[in-house]
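The file upload27.cif contains mmCIF, C-alpha atoms and all ligand atoms; chains and numbers go by the auth columns:
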data_my_file
loop_
_atom_site.group_PDB
_atom_site.id
_atom_site.type_symbol
_atom_site.label_atom_id
_atom_site.label_comp_id
_atom_site.label_asym_id
_atom_site.label_seq_id
_atom_site.Cartn_x
_atom_site.Cartn_y
_atom_site.Cartn_z
_atom_site.B_iso_or_equiv
_atom_site.auth_seq_id
_atom_site.auth_asym_id
ATOM 1 C CA MET A 1 2.655 -2.853 17.679 0.00 1 A
ATOM 2 C CA ASP A 2 6.298 -4.029 17.603 0.00 2 A
ATOM 3 C CA LYS A 3 8.808 -2.135 15.532 0.00 3 A
ATOM 4 C CA ALA A 4 12.039 -3.322 13.995 0.00 4 A
ATOM 5 C CA LYS A 5 14.841 -1.822 11.955 0.00 5 A
ATOM 6 C CA ILE A 6 15.490 -3.316 8.551 0.00 6 A
ATOM 7 C CA LYS A 7 18.055 -2.571 5.863 0.00 7 A
ATOM 8 C CA LEU A 8 17.258 -2.977 2.219 0.00 8 A
ATOM 9 C CA LYS A 9 18.914 -1.966 -1.033 0.00 9 A
ATOM 10 C CA VAL A 10 16.429 0.017 -3.089 0.00 10 A
ATOM 11 C CA ASN A 11 17.289 1.158 -6.594 0.00 11 A
ATOM 12 C CA GLY A 12 20.981 0.747 -5.851 0.00 12 A
ATOM 13 C CA SER A 13 21.122 2.481 -2.451 0.00 13 A
ATOM 14 C CA TRP A 14 21.054 0.872 0.969 0.00 14 A
ATOM 15 C CA ARG A 15 18.298 2.286 3.161 0.00 15 A
ATOM 16 C CA GLU A 16 17.660 1.676 6.828 0.00 16 A
ATOM 17 C CA VAL A 17 14.071 1.982 7.994 0.00 17 A
ATOM 18 C CA GLU A 18 12.224 1.367 11.192 0.00 18 A
ATOM 19 C CA THR A 19 8.954 -0.368 10.460 0.00 19 A
ATOM 20 C CA ARG A 20 6.024 -1.917 12.285 0.00 20 A
ATOM 21 C CA SER A 21 5.812 -5.690 12.244 0.00 21 A
ATOM 22 C CA ASP A 22 2.361 -5.590 10.613 0.00 22 A
ATOM 23 C CA ARG A 23 3.476 -3.346 7.727 0.00 23 A
ATOM 24 C CA ILE A 24 3.395 -4.681 4.168 0.00 24 A
ATOM 25 C CA LEU A 25 6.280 -3.950 1.830 0.00 25 A
ATOM 26 C CA LEU A 26 3.982 -1.928 -0.440 0.00 26 A
ATOM 27 C CA ASP A 27 3.273 0.576 2.341 0.00 27 A
ATOM 28 C CA LEU A 28 6.911 0.691 3.380 0.00 28 A
ATOM 29 C CA LEU A 29 7.943 1.623 -0.171 0.00 29 A
ATOM 30 C CA ARG A 30 5.186 4.160 -0.698 0.00 30 A
ATOM 31 C CA GLU A 31 4.853 5.759 2.711 0.00 31 A
ATOM 32 C CA GLU A 32 8.236 5.394 4.350 0.00 32 A
ATOM 33 C CA LEU A 33 10.511 5.586 1.316 0.00 33 A
ATOM 34 C CA GLY A 34 8.273 7.867 -0.792 0.00 34 A
ATOM 35 C CA LEU A 35 8.369 5.525 -3.791 0.00 35 A
ATOM 36 C CA THR A 36 4.800 6.095 -4.922 0.00 36 A
ATOM 37 C CA GLY A 37 5.441 4.741 -8.417 0.00 37 A
ATOM 38 C CA THR A 38 4.589 1.360 -6.900 0.00 38 A
ATOM 39 C CA LYS A 39 0.801 1.333 -7.038 0.00 39 A
ATOM 40 C CA LYS A 40 -1.746 0.150 -4.542 0.00 40 A
ATOM 41 C CA GLY A 41 -4.601 -1.739 -6.167 0.00 41 A
ATOM 42 C CA CYS A 42 -6.430 -4.737 -4.754 0.00 42 A
ATOM 43 C CA GLU A 43 -4.020 -5.343 -1.825 0.00 43 A
ATOM 44 C CA ALA A 44 -4.898 -9.017 -2.229 0.00 44 A
ATOM 45 C CA GLY A 45 -2.388 -10.326 -4.761 0.00 45 A
ATOM 46 C CA GLU A 46 -4.793 -10.142 -7.670 0.00 46 A
ATOM 47 C CA CYS A 47 -4.032 -7.070 -9.777 0.00 47 A
ATOM 48 C CA GLY A 48 -0.231 -6.810 -10.035 0.00 48 A
ATOM 49 C CA ALA A 49 -0.207 -3.016 -9.587 0.00 49 A
ATOM 50 C CA CYS A 50 2.188 -3.352 -6.643 0.00 50 A
ATOM 51 C CA THR A 51 4.820 -5.412 -8.522 0.00 51 A
ATOM 52 C CA VAL A 52 8.515 -4.690 -7.946 0.00 52 A
ATOM 53 C CA ILE A 53 11.630 -6.745 -8.581 0.00 53 A
ATOM 54 C CA MET A 54 13.031 -8.262 -5.382 0.00 54 A
ATOM 55 C CA ASN A 55 16.215 -10.308 -5.512 0.00 55 A
ATOM 56 C CA GLY A 56 15.771 -10.729 -9.271 0.00 56 A
ATOM 57 C CA ARG A 57 12.136 -11.820 -9.242 0.00 57 A
ATOM 58 C CA ALA A 58 8.913 -9.937 -9.879 0.00 58 A
ATOM 59 C CA VAL A 59 6.960 -9.977 -6.607 0.00 59 A
ATOM 60 C CA LEU A 60 3.701 -8.573 -5.259 0.00 60 A
ATOM 61 C CA THR A 61 4.542 -6.166 -2.477 0.00 61 A
ATOM 62 C CA CYS A 62 1.024 -6.236 -1.041 0.00 62 A
ATOM 63 C CA LEU A 63 1.627 -9.850 -0.021 0.00 63 A
ATOM 64 C CA ILE A 64 5.076 -9.423 1.518 0.00 64 A
ATOM 65 C CA PRO A 65 5.561 -8.348 5.130 0.00 65 A
ATOM 66 C CA ALA A 66 8.005 -5.432 5.195 0.00 66 A
ATOM 67 C CA LEU A 67 10.227 -7.300 7.665 0.00 67 A
ATOM 68 C CA LYS A 68 10.817 -9.991 5.031 0.00 68 A
ATOM 69 C CA ALA A 69 12.605 -7.404 2.894 0.00 69 A
ATOM 70 C CA ASP A 70 15.466 -7.129 5.386 0.00 70 A
ATOM 71 C CA GLY A 71 18.669 -7.517 3.361 0.00 71 A
ATOM 72 C CA ALA A 72 16.809 -7.669 0.041 0.00 72 A
ATOM 73 C CA GLU A 73 17.665 -5.896 -3.176 0.00 73 A
ATOM 74 C CA ILE A 74 14.673 -4.165 -4.701 0.00 74 A
ATOM 75 C CA THR A 75 14.069 -2.328 -7.964 0.00 75 A
ATOM 76 C CA THR A 76 11.025 -0.094 -8.254 0.00 76 A
ATOM 77 C CA ILE A 77 9.899 1.872 -11.292 0.00 77 A
ATOM 78 C CA GLU A 78 11.856 4.878 -9.974 0.00 78 A
ATOM 79 C CA GLY A 79 15.055 2.876 -10.433 0.00 79 A
ATOM 80 C CA LEU A 80 14.688 2.117 -14.117 0.00 80 A
ATOM 81 C CA ALA A 81 15.699 5.293 -15.904 0.00 81 A
ATOM 82 C CA ASP A 82 19.439 5.708 -15.888 0.00 82 A
ATOM 83 C CA GLU A 83 21.070 9.146 -15.766 0.00 83 A
ATOM 84 C CA GLY A 84 18.298 10.880 -17.654 0.00 84 A
ATOM 85 C CA ARG A 85 17.647 8.059 -20.106 0.00 85 A
ATOM 86 C CA LEU A 86 14.508 5.951 -20.144 0.00 86 A
ATOM 87 C CA HIS A 87 14.762 2.186 -19.922 0.00 87 A
ATOM 88 C CA PRO A 88 13.877 0.660 -23.332 0.00 88 A
ATOM 89 C CA LEU A 89 10.737 -0.836 -21.795 0.00 89 A
ATOM 90 C CA GLN A 90 9.548 2.593 -20.690 0.00 90 A
ATOM 91 C CA GLN A 91 10.356 4.038 -24.106 0.00 91 A
ATOM 92 C CA ALA A 92 8.582 1.212 -25.919 0.00 92 A
ATOM 93 C CA PHE A 93 5.479 1.508 -23.703 0.00 93 A
ATOM 94 C CA LEU A 94 5.279 5.179 -24.649 0.00 94 A
ATOM 95 C CA GLU A 95 5.959 4.621 -28.337 0.00 95 A
ATOM 96 C CA LYS A 96 3.559 1.695 -28.757 0.00 96 A
ATOM 97 C CA GLY A 97 0.684 3.370 -26.900 0.00 97 A
ATOM 98 C CA ALA A 98 0.828 0.753 -24.138 0.00 98 A
ATOM 99 C CA VAL A 99 0.043 3.352 -21.452 0.00 99 A
ATOM 100 C CA GLN A 100 -3.441 4.773 -21.032 0.00 100 A
ATOM 101 C CA CYS A 101 -4.524 5.593 -17.476 0.00 101 A
ATOM 102 C CA GLY A 102 -1.089 4.371 -16.361 0.00 102 A
ATOM 103 C CA TYR A 103 -2.170 2.694 -13.144 0.00 103 A
ATOM 104 C CA CYS A 104 -0.962 -0.757 -14.167 0.00 104 A
ATOM 105 C CA THR A 105 2.130 0.529 -15.955 0.00 105 A
ATOM 106 C CA PRO A 106 4.818 0.468 -13.234 0.00 106 A
ATOM 107 C CA GLY A 107 3.927 -3.090 -12.226 0.00 107 A
ATOM 108 C CA MET A 108 3.601 -4.180 -15.832 0.00 108 A
ATOM 109 C CA VAL A 109 6.996 -2.699 -16.770 0.00 109 A
ATOM 110 C CA LEU A 110 8.698 -4.382 -13.811 0.00 110 A
ATOM 111 C CA ALA A 111 7.088 -7.759 -14.532 0.00 111 A
ATOM 112 C CA ALA A 112 8.360 -7.345 -18.100 0.00 112 A
ATOM 113 C CA LYS A 113 11.832 -6.365 -16.910 0.00 113 A
ATOM 114 C CA ALA A 114 12.084 -9.474 -14.754 0.00 114 A
ATOM 115 C CA LEU A 115 11.172 -11.484 -17.848 0.00 115 A
ATOM 116 C CA LEU A 116 13.722 -9.795 -20.128 0.00 116 A
ATOM 117 C CA ASP A 117 16.462 -10.151 -17.517 0.00 117 A
ATOM 118 C CA GLU A 118 15.932 -13.929 -17.738 0.00 118 A
ATOM 119 C CA ASN A 119 14.806 -14.307 -21.320 0.00 119 A
ATOM 120 C CA PRO A 120 16.079 -11.682 -23.774 0.00 120 A
ATOM 121 C CA GLU A 121 14.069 -13.066 -26.694 0.00 121 A
ATOM 122 C CA PRO A 122 10.568 -13.812 -25.374 0.00 122 A
ATOM 123 C CA SER A 123 7.773 -15.127 -27.571 0.00 123 A
ATOM 124 C CA VAL A 124 4.290 -13.643 -27.387 0.00 124 A
ATOM 125 C CA GLU A 125 3.351 -16.565 -25.140 0.00 125 A
ATOM 126 C CA ASP A 126 6.330 -15.899 -22.859 0.00 126 A
ATOM 127 C CA VAL A 127 5.253 -12.276 -22.464 0.00 127 A
ATOM 128 C CA LYS A 128 1.632 -13.233 -21.831 0.00 128 A
ATOM 129 C CA ARG A 129 2.751 -15.645 -19.132 0.00 129 A
ATOM 130 C CA ALA A 130 5.058 -13.089 -17.496 0.00 130 A
ATOM 131 C CA ILE A 131 2.344 -10.436 -17.270 0.00 131 A
ATOM 132 C CA SER A 132 -0.502 -12.830 -16.510 0.00 132 A
ATOM 133 C CA GLY A 133 -0.690 -11.560 -12.918 0.00 133 A
ATOM 134 C CA ASN A 134 -0.869 -7.916 -14.003 0.00 134 A
ATOM 135 C CA LEU A 135 -4.299 -6.585 -14.864 0.00 135 A
ATOM 136 C CA CYS A 136 -4.852 -3.735 -17.301 0.00 136 A
ATOM 137 C CA ARG A 137 -8.336 -2.355 -17.674 0.00 137 A
ATOM 138 C CA CYS A 138 -7.477 0.000 -20.543 0.00 138 A
ATOM 139 C CA THR A 139 -5.218 -1.341 -23.260 0.00 139 A
ATOM 140 C CA GLY A 140 -6.456 -4.827 -24.080 0.00 140 A
ATOM 141 C CA TYR A 141 -2.845 -6.055 -23.598 0.00 141 A
ATOM 142 C CA THR A 142 -1.934 -6.193 -27.307 0.00 142 A
ATOM 143 C CA LYS A 143 0.064 -2.972 -27.218 0.00 143 A
ATOM 144 C CA ILE A 144 1.728 -3.993 -23.979 0.00 144 A
ATOM 145 C CA ILE A 145 2.878 -7.273 -25.503 0.00 145 A
ATOM 146 C CA GLN A 146 4.133 -5.427 -28.580 0.00 146 A
ATOM 147 C CA ALA A 147 5.991 -2.967 -26.376 0.00 147 A
ATOM 148 C CA VAL A 148 7.717 -5.681 -24.356 0.00 148 A
ATOM 149 C CA ARG A 149 8.892 -7.467 -27.481 0.00 149 A
ATOM 150 C CA ALA A 150 10.016 -4.191 -29.087 0.00 150 A
ATOM 151 C CA ALA A 151 12.043 -3.362 -25.971 0.00 151 A
ATOM 152 C CA ALA A 152 13.602 -6.819 -26.030 0.00 152 A
ATOM 153 C CA GLU A 153 14.703 -6.161 -29.589 0.00 153 A
ATOM 154 C CA VAL A 154 16.249 -2.813 -28.653 0.00 154 A
ATOM 155 C CA ILE A 155 18.130 -4.344 -25.727 0.00 155 A
ATOM 156 C CA ARG A 156 19.380 -7.190 -27.884 0.00 156 A
ATOM 157 C CA ALA A 157 20.430 -4.814 -30.655 0.00 157 A
ATOM 158 C CA ASP A 158 22.522 -2.425 -28.633 0.00 158 A
ATOM 159 C CA GLY A 159 23.018 -4.216 -25.339 0.00 159 A
ATOM 160 C CA SER A 160 21.968 -1.019 -23.582 0.00 160 A
ATOM 161 C CA GLU A 161 19.248 -0.755 -20.998 0.00 161 A
ATOM 162 C CA THR A 162 18.603 2.920 -21.547 0.00 162 A
ATOM 163 C CA ALA A 163 16.649 4.681 -24.243 0.00 163 A
ATOM 164 C CA GLY A 164 15.258 8.209 -23.920 0.00 164 A
ATOM 165 C CA PRO A 165 14.847 11.248 -21.657 0.00 165 A
ATOM 166 C CA ALA A 166 13.891 10.453 -18.050 0.00 166 A
ATOM 167 C CA GLU A 167 11.449 13.343 -17.852 0.00 167 A
ATOM 168 C CA ALA A 168 9.037 11.377 -19.997 0.00 168 A
ATOM 169 C CA THR A 169 9.244 8.461 -17.557 0.00 169 A
ATOM 170 C CA LYS A 170 8.412 10.711 -14.679 0.00 170 A
ATOM 171 C CA GLN A 171 5.361 12.010 -16.519 0.00 171 A
ATOM 172 C CA ALA A 172 4.307 8.504 -17.477 0.00 172 A
ATOM 173 C CA ARG A 173 4.485 7.164 -13.972 0.00 173 A
ATOM 174 C CA THR A 174 3.379 10.019 -11.765 0.00 174 A
ATOM 175 C CA ALA A 175 1.309 12.512 -13.712 0.00 175 A
ATOM 176 C CA VAL A 176 -1.942 10.653 -13.184 0.00 176 A
ATOM 177 C CA HIS A 177 -1.298 8.729 -9.962 0.00 177 A
ATOM 178 C CA PRO A 178 1.317 10.301 -7.700 0.00 178 A
HETATM 179 S S1 LIG B . -2.111 -4.374 -4.926 0.00 1 B
HETATM 180 FE FE1 LIG B . -0.832 -6.109 -4.895 0.00 1 B
HETATM 181 S S2 LIG B . -1.677 -7.465 -6.322 0.00 1 B
HETATM 182 FE FE2 LIG B . -3.087 -5.822 -6.271 0.00 1 B
HETATM 183 S S1 LIG B . -3.299 1.544 -18.696 0.00 2 B
HETATM 184 FE FE1 LIG B . -5.049 1.734 -17.393 0.00 2 B
HETATM 185 S S2 LIG B . -5.037 -0.105 -16.254 0.00 2 B
HETATM 186 FE FE2 LIG B . -3.481 -0.398 -17.709 0.00 2 B
#

Here is the file; what I need is its structure written in the form of C-alpha cells.
Amino acid sequence: MDKAKIKLKVNGSWREVETRSDRILLDLLREELGLTGTKKGCEAGECGACTVIMNGRAVLTCLIPALKADGAEITTIEGLADEGRLHPLQQAFLEKGAVQCGYCTPGMVLAAKALLDENPEPSVEDVKRAISGNLCRCTGYTKIIQAVRAAAEVIRADGSETAGPAEATKQARTAVHP
C-alpha cells in the first residue's frame, strides 16, 4: 500500500506523519498520534463518537481519509483543557451529570464546541441540531443539552474558555475508554 507524508496542526502543534493511503483520519489520530480520546464506534458515520473539529467544523474522522487532513488544523478532546483548566463544556458536562459511560463524550463535547464557536447563545433546538449526529446510549440527552447551554452561559459571562482542573478532564475522557 502506498505511503505519503502529511503535515497537520493538531491541538496547536504541527505534526508530520507518514501514513498509508488507505488510512482513515480516526486511525491516524488514535494509532499514529496516540490521541485515543477520539473514540472508534460504528466506523460508518452513524454514531459521532469519532468527531473532532477540523478547520473550524465538527467532522467524522471515520469518514475522512487521513491524506485529506494534509495542511488541516484539528482540535481533539485532548486539546480542550488549557494549562490545567477544563474547558467550560467539560466542566459543565461533569457538573450536570452529562457523562455516564463516557464513550460518546469526547465527540459530543467537540460537536458542542463547534456550535458554541459559531453561536454563543444556542437555543435548545440549536443544541439538538448540533448534536443530532452524536449518539448517546446512556444519558437521554437532556443533561447533555443542559450542559451545553450552561457552558455557553459561562463563556458568555466571562469570555473565558477555561473552567476547572485538567485532571478531571483526563479522568472523564480516559478512565473508562483509553
Ligand atoms: S465511528 Fe465515526 S461516526 Fe461512528
Ligand atoms: S454517556 Fe454513555 S454513550 Fe453517552

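The spacing separating atom CA of A:Ile74 from atom CA of A:Gly107 amounts to 13.2 Å.
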
Worksheet item: Which residues form the shell of 10 Å around ligand LIG 1 (chain B) when you count only C-alpha atoms and all ligand atoms, given as JSON, numbers by chain?
Response: {"A": [26, 38, 39, 40, 41, 42, 43, 44, 45, 46, 47, 48, 49, 50, 51, 52, 59, 60, 61, 62, 63, 64, 104, 107, 133, 134, 135]}

Write out as a Markdown table a residue-level contact list of chain A versus ligand LIG 2 (chain B) with cut-off 8 Å: for each qualifying residue the closest pair of atoms and the distance in Å to one decimal, counting only C-alpha atoms and all ligand atoms, rows sorted by chain and residue number upward.
| residue | atom | partner | partner_atom | distance |
| --- | --- | --- | --- | --- |
| A:Ala98 | CA | B:LIG2 | S1 | 6.9 |
| A:Val99 | CA | B:LIG2 | S1 | 4.7 |
| A:Gln100 | CA | B:LIG2 | S1 | 4.0 |
| A:Cys101 | CA | B:LIG2 | FE1 | 3.9 |
| A:Gly102 | CA | B:LIG2 | S1 | 4.3 |
| A:Tyr103 | CA | B:LIG2 | S2 | 5.1 |
| A:Cys104 | CA | B:LIG2 | FE2 | 4.4 |
| A:Thr105 | CA | B:LIG2 | FE2 | 6.0 |
| A:Leu135 | CA | B:LIG2 | S2 | 6.7 |
| A:Cys136 | CA | B:LIG2 | FE2 | 3.6 |
| A:Arg137 | CA | B:LIG2 | S2 | 4.2 |
| A:Cys138 | CA | B:LIG2 | FE1 | 4.3 |
| A:Thr139 | CA | B:LIG2 | S1 | 5.7 |

Residues of the last selection are to be written out with C-alpha atoms, as a CSV table (one decimal), in the frame of the given file.
chain,number,residue,atom,x,y,z
A,98,ALA,CA,0.8,0.8,-24.1
A,99,VAL,CA,0.0,3.4,-21.5
A,100,GLN,CA,-3.4,4.8,-21.0
A,101,CYS,CA,-4.5,5.6,-17.5
A,102,GLY,CA,-1.1,4.4,-16.4
A,103,TYR,CA,-2.2,2.7,-13.1
A,104,CYS,CA,-1.0,-0.8,-14.2
A,105,THR,CA,2.1,0.5,-16.0
A,135,LEU,CA,-4.3,-6.6,-14.9
A,136,CYS,CA,-4.9,-3.7,-17.3
A,137,ARG,CA,-8.3,-2.4,-17.7
A,138,CYS,CA,-7.5,0.0,-20.5
A,139,THR,CA,-5.2,-1.3,-23.3

For stretch 16-24 of chain A: contacts at 7 Å, only C-alpha atoms, fewer than 4 positions along chain excluded, given as a short mmCIF file (atom, residue, chain, number, x, y, z; two decimals) with C-alpha atoms, keeping the file's coordinate frame:
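Final output, around-v6.cif:
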data_model
loop_
_atom_site.label_atom_id
_atom_site.label_comp_id
_atom_site.auth_asym_id
_atom_site.auth_seq_id
_atom_site.Cartn_x
_atom_site.Cartn_y
_atom_site.Cartn_z
CA MET A 1 2.66 -2.85 17.68
CA ASP A 2 6.30 -4.03 17.60
CA LYS A 3 8.81 -2.13 15.53
CA ALA A 4 12.04 -3.32 14.00
CA LYS A 5 14.84 -1.82 11.96
CA ILE A 6 15.49 -3.32 8.55
CA LYS A 7 18.06 -2.57 5.86
CA LEU A 8 17.26 -2.98 2.22
CA LEU A 28 6.91 0.69 3.38
CA THR A 61 4.54 -6.17 -2.48
CA CYS A 62 1.02 -6.24 -1.04
CA LEU A 63 1.63 -9.85 -0.02
CA ILE A 64 5.08 -9.42 1.52
CA PRO A 65 5.56 -8.35 5.13
CA ALA A 66 8.01 -5.43 5.20
CA LEU A 67 10.23 -7.30 7.66
#

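Running the PyMOL selection byres (((chain A and resi 55) around 7) and not hetatm) on this file leaves A:Ile53, A:Met54, A:Gly56, A:Arg57, A:Ala72, A:Glu73, A:Ile74 selected.
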
Would you place a box with edges along x, y and z of the file around all atoms of stretch 15-28 of chain A listed there, add 5 Å to each of its six sides, and report the centre and edge lengths in Å to one decimal, as JSON?
{"center_x": 10.3, "center_y": -1.7, "center_z": 5.9, "size_x": 25.9, "size_y": 18.0, "size_z": 22.7}

Item to complete: Name the residues that the PyMOL selection byres (((chain A and resi 152) around 10) and not hetatm) pulls out of this structure, and write them as a list in words.
Response: Pro88, Leu89, Ala92, Ala112, Lys113, Leu115, Leu116, Asp117, Asn119, Pro120, Glu121, Pro122, Gln146, Ala147, Val148, Arg149, Ala150, Ala151, Glu153, Val154, Ile155, Arg156, Ala157, Gly159 and Glu161 of chain A

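Interatomic distance, atom CA of A:Gly140 against atom CA of A:Leu80: 24.4 Å.
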
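Closest approach to A:Gly34 among A:Leu94, A:Glu78, A:Lys9, A:Ala114 is made by A:Glu78 (distances from all atoms listed in the file).
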
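If you look at atom CA of A:Met108 and atom CA of A:Ile131, they are 6.5 Å away from each other.
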
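Minimum atom-to-atom distance to A:Lys143, evaluated using all atoms listed in the file, belongs to A:Glu95 out of A:Asp158, A:Glu118, A:Asp126, A:Glu95.
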
Worksheet entry | Contacts of A:Ile77 within 7 Å, all atoms listed in the file, excl. fewer than 6 positions in-chain, as a ChimeraX atom specification | /A:37-38,106,110

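Proximity to A:Lys128 was assessed for A:Thr142, A:Asn11, A:Gln90, A:Thr76 counting all atoms listed in the file; the smallest distance is recorded for A:Thr142.
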